[in-house]
Amino acid sequence: MPNPTQILSSIDSLKSQLDAHRPLDSTQLKKINEAIFLEYTYDSNRIEGNTLTLQETALVVQKGITVSGKNLTEHLEAINHYEAVEYIQSLVENKTELSERILKDIHALVLRGIDKENAGKFRNVNVKIAGSKFMPVDSVKVIDEMENYFAWYNENKSKLHPVILSAEMHERLVTIHPFIDGNGRTSRLIMNLILLQHGFPIANIIGTNDNRLKYYNALEKCQVENNCEDFHLMVTEIVENSLKEYLRLIH
């Protein structure tokens, strides 16, 4: 079985191939991004229990159509997440650095219209992750933990391979669990913001039941046993796959 280091070598080679095609045709790029953003929105919400299909997500996001039998929250989750992906893309285009303000803005988009009271705000109550042995930090420690989170980022952003950096920022954020809700989606958006900043395409964690369980188990192993190899392996594999798919689309 390959390890993350071996896959990083493949990723670097694929990334060089992608860079050789740049600059990409803007019309083609727009169409590719629309399809990728939509699929990513569908899967990231599916991981959290949203029942909209990919086609229904497309109708809601692109056509503004209400899907019969689906509740308002599911519609808002689709619209909000797609706009959050467009927002992180705009941050990259404007060369905006990741900060606490940006993180809160992303979270505010994820929960817009769903939880007005908590959107874009760190939690002040304790939370438990359903089905997990791991217990996030006490609410009184959240602000300190988030200061440490950004200090770690600033210290390591130029040292680590961008893919490992993105995986670490994803895992560390979801482990602190700084928000009452929307931590998973926000953590995956932060991961993808970092990937996009370094010229990688969106990396999508598929939301099937089997893959969701693999994802949660890899996160929990990192949180409980302090062993992040499975999680790093999962992220490197999805980044490698996203590069292969992106190269296929631009040919």
# chains A, B, ... in the order shown; residues from 1 in each chain; ligands from 1
call {"tool": "residues_around", "arguments": {"residues": "segment 154-161 of chain A", "least_positions_apart": "3", "cutoff": "10 Å", "atoms": "only C-alpha atoms", "output": "PyMOL selection string"}}
result
chain A and resi 8+12+98-99+148-151+164-166+168-169+194+198
call {"tool": "residues_around", "arguments": {"residues": "segment 48-64 of chain A", "least_positions_apart": "4", "cutoff": "6 Å", "atoms": "only C-alpha atoms", "output": "list in words"}}
result
Tyr42, Glu74 and Ile79 of chain A
call {"tool": "write_last_selection", "arguments": {"atoms": "N, CA and C atoms", "output": "tab-separated table (two decimals), in the first residue's frame"}}
result
chain	number	residue	atom	x	y	z
A	42	TYR	N	-22.28	19.13	-3.44
A	42	TYR	CA	-23.14	17.95	-3.23
A	42	TYR	C	-22.52	16.98	-2.23
A	74	GLU	N	-32.03	22.10	3.73
A	74	GLU	CA	-31.26	21.39	2.70
A	74	GLU	C	-31.03	22.27	1.48
A	79	ILE	N	-27.17	26.10	-1.56
A	79	ILE	CA	-26.89	27.47	-2.04
A	79	ILE	C	-25.70	28.07	-1.30
call {"tool": "select_by_dssp", "arguments": {"residues": "segment 145-188 of chain A", "states": "helix (DSSP H, G or I)", "output": "VMD selection string"}}
result
chain A and resid 145 to 156 162 to 176 183 to 188
call {"tool": "closest_residue", "arguments": {"among": "A:Leu219, A:Gln6, A:Leu195, A:Tyr82", "to": "Ala35 of chain A", "atoms": "only C-alpha atoms"}}
result
A:Tyr82
call {"tool": "atom_distance", "arguments": {"atom1": "atom CA of Ser139 of chain A", "atom2": "atom CA of Lys121 of chain A"}}
result
12.2 Å
call {"tool": "atom_distance", "arguments": {"atom1": "atom CA of Phe122 of chain A", "atom2": "atom CA of Asn71 of chain A"}}
result
26.2 Å
call {"tool": "residues_around", "arguments": {"residues": "Val235 of chain A", "least_positions_apart": "6", "cutoff": "9 Å", "atoms": "only C-alpha atoms", "output": "PyMOL selection string"}}
result
chain A and resi 4+163-164+166-167+203+205
call {"tool": "atom_distance", "arguments": {"atom1": "atom CA of His107 of chain A", "atom2": "atom CA of Gly120 of chain A"}}
result
5.0 Å
call {"tool": "closest_residue", "arguments": {"among": "A:Tyr215, A:Val125, A:Ile202, A:Leu193", "to": "Lys95 of chain A", "atoms": "only C-alpha atoms"}}
result
A:Leu193
call {"tool": "closest_residue", "arguments": {"among": "A:Pro201, A:Pro136, A:Tyr87, A:Gly207", "to": "Asp43 of chain A", "atoms": "only C-alpha atoms"}}
result
A:Gly207
call {"tool": "closest_residue", "arguments": {"among": "A:Thr186, A:Thr208, A:Gln197, A:Asn3", "to": "Glu93 of chain A", "atoms": "only C-alpha atoms"}}
result
A:Gln197
call {"tool": "closest_residue", "arguments": {"among": "A:Ser9, A:Asn118, A:Asn33, A:Asn226", "to": "Asp105 of chain A", "atoms": "only C-alpha atoms"}}
result
A:Asn118
call {"tool": "residues_around", "arguments": {"residues": "Met146 of chain A", "least_positions_apart": "3", "cutoff": "9 Å", "atoms": "only C-alpha atoms", "output": "list in words"}}
result
Glu100, Lys141, Val142, Ile143, Tyr149, Phe150, Ala151, Leu173, Ile176 and Pro178 of chain A
call {"tool": "closest_residue", "arguments": {"among": "A:Ser132, A:Gln17, A:Thr66, A:Asn126", "to": "Leu213 of chain A", "atoms": "only C-alpha atoms"}}
result
A:Ser132
call {"tool": "decode", "arguments": {"residues": "segment 32-165 of chain A", "atoms": "C-alpha atoms", "output": "mmCIF file, in the first residue's frame"}}
result
data_model
loop_
_atom_site.group_PDB
_atom_site.id
_atom_site.type_symbol
_atom_site.label_atom_id
_atom_site.label_comp_id
_atom_site.auth_asym_id
_atom_site.auth_seq_id
_atom_site.Cartn_x
_atom_site.Cartn_y
_atom_site.Cartn_z
ATOM 1 C CA ILE A 32 -14.963 23.034 -15.466
ATOM 2 C CA ASN A 33 -15.132 24.999 -12.210
ATOM 3 C CA GLU A 34 -18.940 25.095 -12.262
ATOM 4 C CA ALA A 35 -19.072 21.299 -12.539
ATOM 5 C CA ILE A 36 -16.400 20.742 -9.865
ATOM 6 C CA PHE A 37 -17.897 23.303 -7.438
ATOM 7 C CA LEU A 38 -21.303 21.674 -7.817
ATOM 8 C CA GLU A 39 -20.042 18.135 -7.220
ATOM 9 C CA TYR A 40 -17.987 19.294 -4.236
ATOM 10 C CA THR A 41 -21.037 21.082 -2.778
ATOM 11 C CA TYR A 42 -23.141 17.950 -3.231
ATOM 12 C CA ASP A 43 -20.598 15.639 -1.581
ATOM 13 C CA SER A 44 -19.582 17.939 1.279
ATOM 14 C CA ASN A 45 -23.247 18.389 2.223
ATOM 15 C CA ARG A 46 -23.949 14.671 1.733
ATOM 16 C CA ILE A 47 -21.240 13.845 4.285
ATOM 17 C CA GLU A 48 -23.259 15.922 6.788
ATOM 18 C CA GLY A 49 -26.560 14.186 5.981
ATOM 19 C CA ASN A 50 -28.059 16.417 3.272
ATOM 20 C CA THR A 51 -30.340 14.237 1.076
ATOM 21 C CA LEU A 52 -30.356 16.319 -2.132
ATOM 22 C CA THR A 53 -29.080 14.338 -5.135
ATOM 23 C CA LEU A 54 -26.437 15.814 -7.443
ATOM 24 C CA GLN A 55 -29.149 16.685 -9.991
ATOM 25 C CA GLU A 56 -31.329 18.266 -7.291
ATOM 26 C CA THR A 57 -28.327 20.250 -6.007
ATOM 27 C CA ALA A 58 -27.792 21.548 -9.556
ATOM 28 C CA LEU A 59 -31.451 22.608 -9.854
ATOM 29 C CA VAL A 60 -31.331 24.432 -6.512
ATOM 30 C CA VAL A 61 -27.976 26.158 -7.097
ATOM 31 C CA GLN A 62 -28.109 26.916 -10.810
ATOM 32 C CA LYS A 63 -31.840 27.301 -11.495
ATOM 33 C CA GLY A 64 -33.183 28.425 -8.110
ATOM 34 C CA ILE A 65 -35.757 25.612 -8.232
ATOM 35 C CA THR A 66 -37.326 24.282 -5.028
ATOM 36 C CA VAL A 67 -37.241 20.483 -4.827
ATOM 37 C CA SER A 68 -40.466 18.913 -3.595
ATOM 38 C CA GLY A 69 -40.157 16.936 -0.358
ATOM 39 C CA LYS A 70 -36.881 18.573 0.705
ATOM 40 C CA ASN A 71 -36.785 21.015 3.606
ATOM 41 C CA LEU A 72 -35.602 24.628 3.507
ATOM 42 C CA THR A 73 -32.368 23.866 5.376
ATOM 43 C CA GLU A 74 -31.261 21.386 2.700
ATOM 44 C CA HIS A 75 -31.887 24.000 -0.003
ATOM 45 C CA LEU A 76 -29.959 26.640 1.963
ATOM 46 C CA GLU A 77 -27.062 24.251 2.592
ATOM 47 C CA ALA A 78 -26.674 23.759 -1.170
ATOM 48 C CA ILE A 79 -26.894 27.468 -2.044
ATOM 49 C CA ASN A 80 -24.655 28.543 0.845
ATOM 50 C CA HIS A 81 -21.945 25.978 0.201
ATOM 51 C CA TYR A 82 -21.746 26.757 -3.508
ATOM 52 C CA GLU A 83 -21.388 30.465 -2.701
ATOM 53 C CA ALA A 84 -18.739 29.627 -0.085
ATOM 54 C CA VAL A 85 -16.743 27.777 -2.769
ATOM 55 C CA GLU A 86 -17.045 30.790 -5.075
ATOM 56 C CA TYR A 87 -15.916 32.952 -2.158
ATOM 57 C CA ILE A 88 -12.742 30.935 -1.515
ATOM 58 C CA GLN A 89 -12.023 31.095 -5.257
ATOM 59 C CA SER A 90 -12.307 34.896 -5.084
ATOM 60 C CA LEU A 91 -9.927 34.952 -2.098
ATOM 61 C CA VAL A 92 -7.346 33.136 -4.207
ATOM 62 C CA GLU A 93 -7.832 35.473 -7.167
ATOM 63 C CA ASN A 94 -7.387 38.488 -4.869
ATOM 64 C CA LYS A 95 -4.407 36.868 -3.094
ATOM 65 C CA THR A 96 -6.148 37.240 0.291
ATOM 66 C CA GLU A 97 -4.350 35.431 3.112
ATOM 67 C CA LEU A 98 -6.145 33.059 5.461
ATOM 68 C CA SER A 99 -6.978 34.688 8.798
ATOM 69 C CA GLU A 100 -9.474 34.344 11.637
ATOM 70 C CA ARG A 101 -11.704 36.916 9.935
ATOM 71 C CA ILE A 102 -11.694 34.933 6.679
ATOM 72 C CA LEU A 103 -12.440 31.690 8.547
ATOM 73 C CA LYS A 104 -15.435 33.288 10.271
ATOM 74 C CA ASP A 105 -16.647 34.747 6.969
ATOM 75 C CA ILE A 106 -16.540 31.280 5.377
ATOM 76 C CA HIS A 107 -18.464 29.795 8.308
ATOM 77 C CA ALA A 108 -20.992 32.647 8.188
ATOM 78 C CA LEU A 109 -21.688 31.744 4.546
ATOM 79 C CA VAL A 110 -22.087 28.036 5.371
ATOM 80 C CA LEU A 111 -24.728 28.734 8.037
ATOM 81 C CA ARG A 112 -26.339 31.807 6.460
ATOM 82 C CA GLY A 113 -30.110 31.730 6.986
ATOM 83 C CA ILE A 114 -29.823 28.420 8.879
ATOM 84 C CA ASP A 115 -28.442 29.563 12.258
ATOM 85 C CA LYS A 116 -28.289 33.359 12.390
ATOM 86 C CA GLU A 117 -27.223 33.391 16.036
ATOM 87 C CA ASN A 118 -24.128 31.223 15.550
ATOM 88 C CA ALA A 119 -23.076 31.860 11.944
ATOM 89 C CA GLY A 120 -19.516 33.193 11.883
ATOM 90 C CA LYS A 121 -19.103 32.971 15.677
ATOM 91 C CA PHE A 122 -16.998 30.697 17.845
ATOM 92 C CA ARG A 123 -18.989 28.539 20.233
ATOM 93 C CA ASN A 124 -19.411 29.360 23.921
ATOM 94 C CA VAL A 125 -20.926 25.988 24.841
ATOM 95 C CA ASN A 126 -19.458 22.494 24.962
ATOM 96 C CA VAL A 127 -20.219 20.076 22.123
ATOM 97 C CA LYS A 128 -20.030 16.334 21.516
ATOM 98 C CA ILE A 129 -19.433 14.746 18.108
ATOM 99 C CA ALA A 130 -22.134 12.128 17.508
ATOM 100 C CA GLY A 131 -20.705 8.625 17.155
ATOM 101 C CA SER A 132 -17.141 9.647 18.036
ATOM 102 C CA LYS A 133 -14.968 8.742 21.032
ATOM 103 C CA PHE A 134 -13.249 12.104 20.704
ATOM 104 C CA MET A 135 -14.386 15.046 22.839
ATOM 105 C CA PRO A 136 -13.604 18.541 21.462
ATOM 106 C CA VAL A 137 -12.009 21.133 23.769
ATOM 107 C CA ASP A 138 -14.003 22.910 26.436
ATOM 108 C CA SER A 139 -15.657 26.075 25.114
ATOM 109 C CA VAL A 140 -13.557 28.306 27.397
ATOM 110 C CA LYS A 141 -10.428 27.092 25.548
ATOM 111 C CA VAL A 142 -11.725 27.683 22.018
ATOM 112 C CA ILE A 143 -10.288 31.203 21.606
ATOM 113 C CA ASP A 144 -6.837 30.123 22.837
ATOM 114 C CA GLU A 145 -6.938 27.008 20.647
ATOM 115 C CA MET A 146 -7.819 29.101 17.608
ATOM 116 C CA GLU A 147 -4.959 31.505 18.323
ATOM 117 C CA ASN A 148 -2.660 28.457 18.427
ATOM 118 C CA TYR A 149 -4.248 27.202 15.189
ATOM 119 C CA PHE A 150 -3.324 30.351 13.268
ATOM 120 C CA ALA A 151 0.091 30.577 14.938
ATOM 121 C CA TRP A 152 0.784 26.994 13.790
ATOM 122 C CA TYR A 153 -0.383 27.889 10.281
ATOM 123 C CA ASN A 154 1.861 30.943 10.049
ATOM 124 C CA GLU A 155 4.811 28.938 11.328
ATOM 125 C CA ASN A 156 4.316 26.012 8.947
ATOM 126 C CA LYS A 157 2.733 27.432 5.777
ATOM 127 C CA SER A 158 6.109 27.815 4.055
ATOM 128 C CA LYS A 159 7.646 24.627 5.470
ATOM 129 C CA LEU A 160 5.175 21.840 4.704
ATOM 130 C CA HIS A 161 4.113 20.427 1.357
ATOM 131 C CA PRO A 162 0.891 22.315 0.481
ATOM 132 C CA VAL A 163 -1.155 19.093 0.427
ATOM 133 C CA ILE A 164 0.005 18.078 3.918
ATOM 134 C CA LEU A 165 -0.540 21.654 5.109
#
